[in-house]
file input.cif (mmCIF, C-alpha atoms)
data_entry
#
loop_
_atom_site.label_atom_id
_atom_site.label_comp_id
_atom_site.auth_asym_id
_atom_site.auth_seq_id
_atom_site.Cartn_x
_atom_site.Cartn_y
_atom_site.Cartn_z
CA MET A 1 -3.54 25.63 -29.12
CA ASN A 2 -5.98 24.22 -26.63
CA ARG A 3 -6.66 25.71 -23.24
CA PRO A 4 -4.85 23.07 -21.10
CA TYR A 5 -1.70 23.67 -23.13
CA LEU A 6 -1.91 27.41 -22.51
CA GLU A 7 -2.42 26.84 -18.79
CA ASN A 8 0.61 24.56 -18.65
CA ALA A 9 2.64 27.15 -20.56
CA LYS A 10 2.20 29.57 -17.65
CA LEU A 11 3.96 27.21 -15.24
CA PRO A 12 7.74 27.24 -14.74
CA ILE A 13 9.56 24.55 -16.71
CA THR A 14 11.05 23.03 -13.53
CA LEU A 15 7.60 22.72 -11.96
CA LEU A 16 6.22 20.99 -15.06
CA ARG A 17 9.09 18.52 -15.00
CA ASN A 18 8.44 17.68 -11.34
CA MET A 19 4.73 17.05 -11.89
CA THR A 20 3.66 13.42 -11.92
CA TRP A 21 1.59 11.97 -14.73
CA LEU A 22 -1.44 12.18 -12.44
CA ASP A 23 -0.86 15.88 -11.79
CA LYS A 24 -0.60 16.54 -15.53
CA LEU A 25 -3.71 14.47 -16.19
CA GLU A 26 -5.62 16.35 -13.51
CA ARG A 27 -4.76 19.69 -15.13
CA ARG A 28 -6.29 18.44 -18.37
CA ILE A 29 -9.34 16.43 -17.30
CA GLY A 30 -9.72 17.33 -13.63
CA PHE A 31 -13.34 18.24 -14.28
CA LEU A 32 -14.10 14.51 -14.45
CA ALA A 33 -13.45 14.10 -10.72
CA ILE A 34 -16.37 12.85 -8.66
CA PRO A 35 -16.22 14.31 -5.13
CA GLY A 36 -17.57 11.86 -2.57
CA LEU A 37 -17.36 8.98 -5.05
CA LEU A 38 -17.37 6.19 -2.47
CA ARG A 39 -20.30 7.79 -0.66
CA TYR A 40 -22.37 7.42 -3.81
CA VAL A 41 -21.12 3.86 -4.20
CA GLY A 42 -22.09 3.15 -0.61
CA PHE A 43 -25.57 4.67 -1.01
CA LEU A 44 -26.31 2.64 -4.16
CA THR A 45 -24.89 -0.48 -2.49
CA ALA A 46 -27.35 -0.02 0.36
CA LEU A 47 -30.17 0.41 -2.17
CA VAL A 48 -29.14 -2.78 -3.99
CA PHE A 49 -29.13 -4.68 -0.69
CA VAL A 50 -32.69 -3.54 0.06
CA LEU A 51 -33.83 -4.56 -3.44
CA GLU A 52 -32.19 -7.96 -2.98
CA LYS A 53 -34.05 -8.50 0.28
CA VAL A 54 -37.33 -7.47 -1.35
CA ASN A 55 -36.71 -9.48 -4.52
CA PRO A 56 -34.25 -12.38 -3.88
CA GLY A 57 -32.08 -13.06 -6.89
CA TYR A 58 -31.90 -9.40 -7.88
CA LEU A 59 -28.10 -9.47 -7.57
CA ASN A 60 -27.94 -11.92 -10.48
CA LEU A 61 -29.01 -9.06 -12.74
CA LEU A 62 -26.09 -6.88 -11.64
CA ASP A 63 -22.99 -9.07 -11.40
CA LEU A 64 -20.16 -8.90 -13.94
CA ASP A 65 -21.15 -11.68 -16.34
CA PRO A 66 -19.14 -11.38 -19.58
CA VAL A 67 -21.55 -13.57 -21.52
CA ALA A 68 -24.53 -11.44 -20.50
CA VAL A 69 -22.62 -8.26 -21.35
CA VAL A 70 -21.84 -9.56 -24.84
CA HIS A 71 -25.57 -10.26 -25.28
CA GLY A 72 -26.45 -6.64 -24.59
CA GLU A 73 -26.64 -6.33 -20.78
CA VAL A 74 -23.98 -3.64 -20.75
CA TRP A 75 -25.13 -2.18 -17.43
CA ARG A 76 -23.29 -5.03 -15.72
CA LEU A 77 -20.01 -3.25 -16.53
CA VAL A 78 -20.94 -0.75 -13.81
CA THR A 79 -23.61 -2.26 -11.59
CA TYR A 80 -21.36 -5.00 -10.18
CA ILE A 81 -19.57 -2.39 -8.05
CA PHE A 82 -22.80 -1.93 -6.06
CA ILE A 83 -23.09 -5.57 -5.00
CA PRO A 84 -22.77 -5.60 -1.17
CA GLN A 85 -20.37 -7.81 0.76
CA MET A 86 -22.78 -9.82 2.91
CA ALA A 87 -20.43 -12.47 4.30
CA SER A 88 -17.92 -12.15 7.15
CA MET A 89 -15.81 -14.24 9.49
CA LEU A 90 -18.44 -14.00 12.23
CA PRO A 91 -21.92 -15.58 12.14
CA LEU A 92 -23.75 -12.26 12.01
CA PRO A 93 -26.91 -11.32 10.09
CA ASP A 94 -26.21 -10.17 6.55
CA TRP A 95 -27.64 -6.71 7.23
CA VAL A 96 -25.08 -6.23 10.03
CA ASN A 97 -22.22 -7.23 7.72
CA VAL A 98 -23.50 -4.92 5.00
CA GLY A 99 -23.79 -2.09 7.53
CA PHE A 100 -20.18 -2.50 8.62
CA TYR A 101 -19.09 -2.82 4.99
CA LEU A 102 -20.78 0.46 4.08
CA LEU A 103 -19.30 2.27 7.07
CA PHE A 104 -15.87 0.94 6.19
CA LEU A 105 -16.29 1.99 2.56
CA TRP A 106 -17.38 5.47 3.64
CA TRP A 107 -14.45 5.71 6.06
CA MET A 108 -11.91 4.67 3.42
CA GLY A 109 -13.43 7.05 0.89
CA ASN A 110 -13.12 10.03 3.23
CA GLY A 111 -9.53 9.13 4.08
CA LEU A 112 -8.41 8.54 0.49
CA GLU A 113 -10.12 11.66 -0.82
CA SER A 114 -8.49 13.70 1.96
CA ALA A 115 -5.05 12.29 1.09
CA TRP A 116 -5.39 12.20 -2.70
CA GLY A 117 -8.14 14.52 -3.75
CA ALA A 118 -11.30 13.61 -5.64
CA PHE A 119 -9.64 13.32 -9.05
CA LYS A 120 -6.93 10.82 -8.14
CA LEU A 121 -9.39 8.69 -6.20
CA THR A 122 -11.74 8.72 -9.18
CA ILE A 123 -8.95 7.64 -11.55
CA PHE A 124 -7.80 4.95 -9.11
CA TYR A 125 -11.32 3.54 -8.89
CA LEU A 126 -11.83 3.73 -12.65
CA ILE A 127 -8.60 1.87 -13.39
CA GLY A 128 -9.64 -0.75 -10.82
CA MET A 129 -12.96 -1.22 -12.62
CA ILE A 130 -11.14 -1.60 -15.94
CA GLY A 131 -8.75 -4.16 -14.45
CA THR A 132 -11.62 -6.15 -12.94
CA THR A 133 -13.44 -6.12 -16.28
CA VAL A 134 -10.33 -7.31 -18.13
CA ALA A 135 -9.90 -10.10 -15.57
CA ALA A 136 -13.49 -11.21 -16.10
CA PHE A 137 -13.52 -11.06 -19.90
CA PHE A 138 -10.10 -12.45 -20.72
CA PHE A 139 -9.43 -14.79 -17.80
CA GLY A 140 -12.90 -15.69 -16.56
CA ALA A 141 -12.22 -14.53 -12.99
CA ALA A 142 -15.39 -13.93 -10.98
CA PHE A 143 -13.87 -11.37 -8.62
CA SER A 144 -16.97 -9.15 -8.62
CA ASN A 145 -16.00 -6.04 -6.63
CA PHE A 146 -13.93 -7.88 -4.02
CA MET A 147 -10.56 -7.07 -5.62
CA LEU A 148 -11.66 -3.49 -6.17
CA THR A 149 -12.42 -3.08 -2.47
CA THR A 150 -9.15 -4.83 -1.60
CA SER A 151 -7.17 -2.40 -3.75
CA LEU A 152 -8.90 0.50 -1.98
CA PHE A 153 -7.90 -0.94 1.38
CA PHE A 154 -4.27 -1.39 0.28
CA ALA A 155 -4.21 2.23 -0.89
CA PHE A 156 -5.74 3.34 2.41
CA ALA A 157 -3.02 1.41 4.27
CA GLN A 158 -0.34 3.31 2.33
CA PHE A 159 -1.61 6.61 3.71
CA TYR A 160 -2.81 5.55 7.18
CA PRO A 161 -0.71 2.54 8.23
CA ASP A 162 -0.93 3.15 11.99
CA LEU A 163 -4.67 3.69 12.28
CA VAL A 164 -6.38 1.08 14.44
CA ILE A 165 -9.48 -0.76 13.26
CA TYR A 166 -11.33 -3.63 14.85
CA PHE A 167 -10.69 -6.75 12.81
CA ALA A 168 -13.77 -9.01 12.77
CA TYR A 169 -15.38 -6.18 14.79
CA ILE A 170 -13.53 -7.35 17.94
CA LEU A 171 -9.73 -7.41 17.70
CA PRO A 172 -7.97 -4.00 17.54
CA LEU A 173 -5.26 -4.08 14.88
CA LYS A 174 -3.29 -1.50 12.97
CA VAL A 175 -4.27 -1.08 9.34
CA LYS A 176 -0.77 -1.96 8.13
CA TRP A 177 -0.85 -5.34 9.90
CA ILE A 178 -4.15 -6.31 8.29
CA ALA A 179 -2.86 -5.09 4.94
CA TRP A 180 0.31 -7.18 5.26
CA VAL A 181 -1.63 -10.32 6.17
CA SER A 182 -4.05 -9.73 3.30
CA ALA A 183 -1.15 -9.16 0.91
CA VAL A 184 0.56 -12.38 2.01
CA ILE A 185 -2.65 -14.37 1.54
CA LEU A 186 -3.19 -12.84 -1.91
CA LEU A 187 0.43 -13.51 -2.86
CA LEU A 188 0.15 -17.16 -1.79
CA GLN A 189 -3.02 -17.50 -3.85
CA ILE A 190 -1.20 -16.09 -6.85
CA ILE A 191 1.77 -18.41 -6.34
CA VAL A 192 -0.23 -21.63 -5.96
CA GLY A 193 -2.99 -20.59 -8.38
CA SER A 194 -3.13 -21.24 -12.09
CA MET A 195 -1.49 -18.96 -14.62
CA GLN A 196 -4.98 -17.77 -15.53
CA PHE A 197 -5.68 -16.77 -11.93
CA ARG A 198 -2.33 -15.01 -11.64
CA ALA A 199 -2.96 -12.90 -14.72
CA ALA A 200 -6.50 -12.12 -13.58
CA ALA A 201 -5.38 -11.08 -10.08
CA ILE A 202 -2.65 -8.82 -11.48
CA CYS A 203 -5.13 -7.17 -13.84
CA ALA A 204 -7.67 -6.70 -11.05
CA MET A 205 -5.02 -5.12 -8.82
CA GLY A 206 -3.59 -3.08 -11.66
CA ASN A 207 -4.74 0.23 -10.17
CA TYR A 208 -2.72 -0.36 -6.99
CA LEU A 209 0.33 -1.49 -8.96
CA ILE A 210 0.15 1.57 -11.25
CA PHE A 211 -0.24 4.05 -8.40
CA PHE A 212 2.09 2.54 -5.80
CA GLY A 213 4.30 0.08 -7.69
CA PRO A 214 7.03 2.61 -8.61
CA SER A 215 7.28 3.99 -5.06
CA ILE A 216 7.37 0.48 -3.59
CA ILE A 217 10.22 -0.45 -5.95
CA ARG A 218 12.09 2.77 -5.09
CA ASP A 219 11.69 2.13 -1.35
CA ALA A 220 12.89 -1.46 -1.76
CA ARG A 221 15.96 -0.31 -3.68
CA HIS A 222 16.64 2.38 -1.09
CA ARG A 223 16.46 -0.14 1.76
CA ARG A 224 18.72 -2.49 -0.17
CA ASP A 225 21.26 0.29 -0.77
CA VAL A 226 21.16 1.35 2.88
CA THR A 227 21.66 -2.25 4.00
CA ALA A 228 24.56 -2.69 1.58
CA ARG A 229 26.22 0.54 2.76
CA ARG A 230 25.79 -0.47 6.41
CA ARG A 231 27.30 -3.88 5.68
CA ARG A 232 30.27 -2.32 3.89
CA PHE A 233 30.80 0.09 6.77
CA GLU A 234 30.72 -2.73 9.33
CA MET A 235 33.19 -4.78 7.27
CA GLN A 236 35.52 -1.80 6.94
CA THR A 237 35.27 -1.16 10.67
CA ARG A 238 36.05 -4.80 11.45
CA ASP A 239 39.01 -4.73 9.06
CA ALA A 240 40.29 -1.55 10.67
CA GLU A 241 39.84 -3.04 14.13
CA ALA A 242 41.77 -6.12 13.06
CA GLU A 243 44.68 -3.94 11.90
CA ALA A 244 44.87 -1.93 15.14
CA LEU A 245 48.25 -1.90 16.93
CA HIS A 246 46.88 -1.31 20.42
CA ARG A 247 43.88 -2.92 22.08
CA CYS A 248 42.70 -2.62 25.68
CA ALA A 249 42.41 -6.02 27.34
CA ILE A 250 39.35 -4.87 29.33
CA CYS A 251 37.15 -2.74 27.04
CA GLY A 252 38.58 -3.74 23.66
CA ALA A 253 39.11 -0.11 22.60
CA THR A 254 41.82 0.59 20.00
CA GLU A 255 43.54 3.63 18.63
CA VAL A 256 41.23 3.26 15.61
CA SER A 257 37.99 3.34 17.60
CA ASP A 258 39.25 6.23 19.76
CA PRO A 259 42.32 8.10 18.46
CA ASN A 260 42.57 10.09 21.72
CA LEU A 261 43.25 7.04 23.89
CA GLU A 262 46.70 6.22 25.21
CA PHE A 263 47.79 2.64 25.95
CA ARG A 264 50.26 1.09 28.38
CA VAL A 265 51.56 -2.43 28.91
CA ALA A 266 51.07 -3.66 32.47
CA ARG A 267 53.30 -6.02 34.45
CA ASN A 268 51.19 -8.98 33.43
CA GLY A 269 52.09 -8.32 29.79
CA GLU A 270 48.61 -7.18 28.77
CA GLU A 271 47.91 -3.83 27.12
CA TYR A 272 45.37 -1.46 28.64
CA CYS A 273 43.96 1.96 27.81
CA MET A 274 44.71 4.63 30.38
CA PRO A 275 41.20 4.63 31.95
CA HIS A 276 41.53 0.89 32.66
CA LEU A 277 45.23 0.76 33.54
CA SER A 278 44.42 1.28 37.24
CA HIS A 279 42.23 -1.86 37.16
CA ALA A 280 45.15 -3.82 35.79
CA LYS A 281 47.48 -2.53 38.51
CA ALA A 282 44.94 -3.38 41.23
CA ALA A 283 44.59 -6.90 39.86
CA SER A 284 48.32 -7.44 39.85
#
call {"tool": "encode", "arguments": {"input": "input.cif", "output": "structure tokens"}}
result
Amino acid sequence: MNRPYLENAKLPITLLRNMTWLDKLERRIGFLAIPGLLRYVGFLTALVFVLEKVNPGYLNLLDLDPVAVVHGEVWRLVTYIFIPQMASMLPLPDWVNVGFYLLFLWWMGNGLESAWGAFKLTIFYLIGMIGTTVAAFFFGAAFSNFMLTTSLFFAFAQFYPDLVIYFAYILPLKVKWIAWVSAVILLLQIIVGSMQFRAAAICAMGNYLIFFGPSIIRDARHRRDVTARRRRFEMQTRDAEAEALHRCAICGATEVSDPNLEFRVARNGEEYCMPHLSHAKAAS
């Protein structure tokens, strides 16, 4: 027997059954976790940006080029994650955009590691890298690390939906709003894009779908069930109201809605509950 099996044998059976696949994986290979992973990514991204400024064209040696990888440049399978995002919606210098990008990456890394732990964040990032590589090799999608960063942001929004960030460095918005807009844009791109693009996008976002897909489906089913139960209750209430024998002409109350009410017929022929019978007498 190996050591992980012996460690698991010490746990109660009910606890083992309640553990997720990630928890079980962490007990076996948790030593592979990289604490502060996105800090290292951010530091190397800053270094790559400096090298690009010193030697323009340096980024061409690092991007995820399947043809170059097949010809022996295997470092591209990793180095593409260090390519900085130098463009933005505002006409700012590239070093400003890279600075904000690195701060944002650092911020997300701290938040995700605090919520998940180093191991789960490491696995999430690794699966994202694998998905991006599959998208590049099998579908020719040049996503670079954009989808990987997007999946990190979506994961961050799952844990911190109400945090406020400054979109385009100016407009204060909650993280969940930006995530929803980004998701809608990505979904529209998938719908109108080619089948090749759809497959590539799904592969590149595979880490998010693996980690959060089941819970999203469960929440959607729960909301659907709650809505269905509410609709059935409202229909039953309406049916019961329709079958009521007594109904106040002023407030509409019935013996079904309030079994403690008493009703009387006034001189005008209308039926009233006792609290409103005096209004009927005054009117007559």
call {"tool": "closest_atom_pairs", "arguments": {"input": "input.cif", "of": "segment 152-236 of chain A", "to": "segment 112-135 of chain A", "cutoff": "10 Å", "atoms": "only C-alpha atoms", "output": "CSV"}}
result
residue,atom,partner,partner_atom,distance
A:Leu152,CA,A:Tyr125,CA,7.9
A:Phe153,CA,A:Leu112,CA,9.5
A:Ala155,CA,A:Leu112,CA,7.7
A:Phe156,CA,A:Leu112,CA,6.2
A:Ala157,CA,A:Leu112,CA,9.7
A:Gln158,CA,A:Leu112,CA,9.8
A:Phe159,CA,A:Ala115,CA,7.1
A:Tyr160,CA,A:Leu112,CA,9.2
A:Gln196,CA,A:Ala135,CA,9.1
A:Phe197,CA,A:Ala135,CA,8.7
A:Arg198,CA,A:Ala135,CA,9.8
A:Ala199,CA,A:Ala135,CA,7.5
A:Ala200,CA,A:Ala135,CA,4.4
A:Ala201,CA,A:Ala135,CA,7.2
A:Ile202,CA,A:Gly131,CA,8.2
A:Cys203,CA,A:Gly131,CA,4.7
A:Ala204,CA,A:Gly131,CA,4.4
A:Met205,CA,A:Gly128,CA,6.7
A:Gly206,CA,A:Gly131,CA,6.0
A:Asn207,CA,A:Gly128,CA,5.0
A:Tyr208,CA,A:Phe124,CA,7.6
A:Ile210,CA,A:Phe124,CA,8.9
A:Phe211,CA,A:Phe124,CA,7.6
call {"tool": "resolve_selection", "arguments": {"input": "input.cif", "expression": "the PyMOL selection byres ((chain A and resi 248-250) around 6)", "output": "PyMOL selection string"}}
result
chain A and resi 247+251-253+271-273
call {"tool": "closest_residue", "arguments": {"input": "input.cif", "among": "A:Val69, A:Val50, A:Leu277, A:Ile83", "to": "Phe263 of chain A", "atoms": "all atoms listed in the file"}}
result
A:Leu277
call {"tool": "closest_residue", "arguments": {"input": "input.cif", "among": "A:Ala142, A:Val41, A:Met86, A:Val74", "to": "Leu105 of chain A", "atoms": "all atoms listed in the file"}}
result
A:Val41
call {"tool": "resolve_selection", "arguments": {"input": "input.cif", "expression": "the PyMOL selection byres ((chain A and resi 181-183) around 12)", "output": "NGL selection string"}}
result
:A and (147 or 150-151 or 153-155 or 157 or 167 or 173-180 or 184-190 or 201 or 205 or 208)
call {"tool": "write_last_selection", "arguments": {"input": "input.cif", "atoms": "C-alpha atoms", "output": "CSV table (one decimal), keeping the file's coordinate frame"}}
result
chain,number,residue,atom,x,y,z
A,147,MET,CA,-10.6,-7.1,-5.6
A,150,THR,CA,-9.2,-4.8,-1.6
A,151,SER,CA,-7.2,-2.4,-3.8
A,153,PHE,CA,-7.9,-0.9,1.4
A,154,PHE,CA,-4.3,-1.4,0.3
A,155,ALA,CA,-4.2,2.2,-0.9
A,157,ALA,CA,-3.0,1.4,4.3
A,167,PHE,CA,-10.7,-6.8,12.8
A,173,LEU,CA,-5.3,-4.1,14.9
A,174,LYS,CA,-3.3,-1.5,13.0
A,175,VAL,CA,-4.3,-1.1,9.3
A,176,LYS,CA,-0.8,-2.0,8.1
A,177,TRP,CA,-0.8,-5.3,9.9
A,178,ILE,CA,-4.2,-6.3,8.3
A,179,ALA,CA,-2.9,-5.1,4.9
A,180,TRP,CA,0.3,-7.2,5.3
A,184,VAL,CA,0.6,-12.4,2.0
A,185,ILE,CA,-2.6,-14.4,1.5
A,186,LEU,CA,-3.2,-12.8,-1.9
A,187,LEU,CA,0.4,-13.5,-2.9
A,188,LEU,CA,0.2,-17.2,-1.8
A,189,GLN,CA,-3.0,-17.5,-3.8
A,190,ILE,CA,-1.2,-16.1,-6.8
A,201,ALA,CA,-5.4,-11.1,-10.1
A,205,MET,CA,-5.0,-5.1,-8.8
A,208,TYR,CA,-2.7,-0.4,-7.0
call {"tool": "closest_residue", "arguments": {"input": "input.cif", "among": "A:Trp75, A:Trp21, A:Trp95, A:Phe31", "to": "Phe49 of chain A", "atoms": "all atoms listed in the file"}}
result
A:Trp95
call {"tool": "atom_distance", "arguments": {"input": "input.cif", "atom1": "atom CA of Asp63 of chain A", "atom2": "atom CA of Arg76 of chain A"}}
result
5.9 Å
call {"tool": "residues_around", "arguments": {"input": "input.cif", "residues": "segment 52-54 of chain A", "least_positions_apart": "6", "cutoff": "12 Å", "atoms": "only C-alpha atoms", "output": "PyMOL selection string"}}
result
chain A and resi 45-46+60-62+82-84+86+94-95
call {"tool": "closest_residue", "arguments": {"input": "input.cif", "among": "A:Pro161, A:Gly99, A:Pro93, A:Pro56", "to": "Phe43 of chain A", "atoms": "only C-alpha atoms"}}
result
A:Gly99
call {"tool": "residues_around", "arguments": {"input": "input.cif", "residues": "Leu103 of chain A", "least_positions_apart": "5", "cutoff": "9 Å", "atoms": "all atoms listed in the file", "output": "list in words"}}
result
Gly42, Val98 and Met108 of chain A
call {"tool": "closest_residue", "arguments": {"input": "input.cif", "among": "A:Gly72, A:Gly213, A:Gly57, A:Pro66", "to": "Phe138 of chain A", "atoms": "all atoms listed in the file"}}
result
A:Pro66
call {"tool": "atom_distance", "arguments": {"input": "input.cif", "atom1": "atom CA of Arg229 of chain A", "atom2": "atom CA of Asp258 of chain A"}}
result
22.2 Å
call {"tool": "closest_residue", "arguments": {"input": "input.cif", "among": "A:Asn260, A:Ser278, A:Gln85, A:Asn268", "to": "Asn97 of chain A", "atoms": "all atoms listed in the file"}}
result
A:Gln85
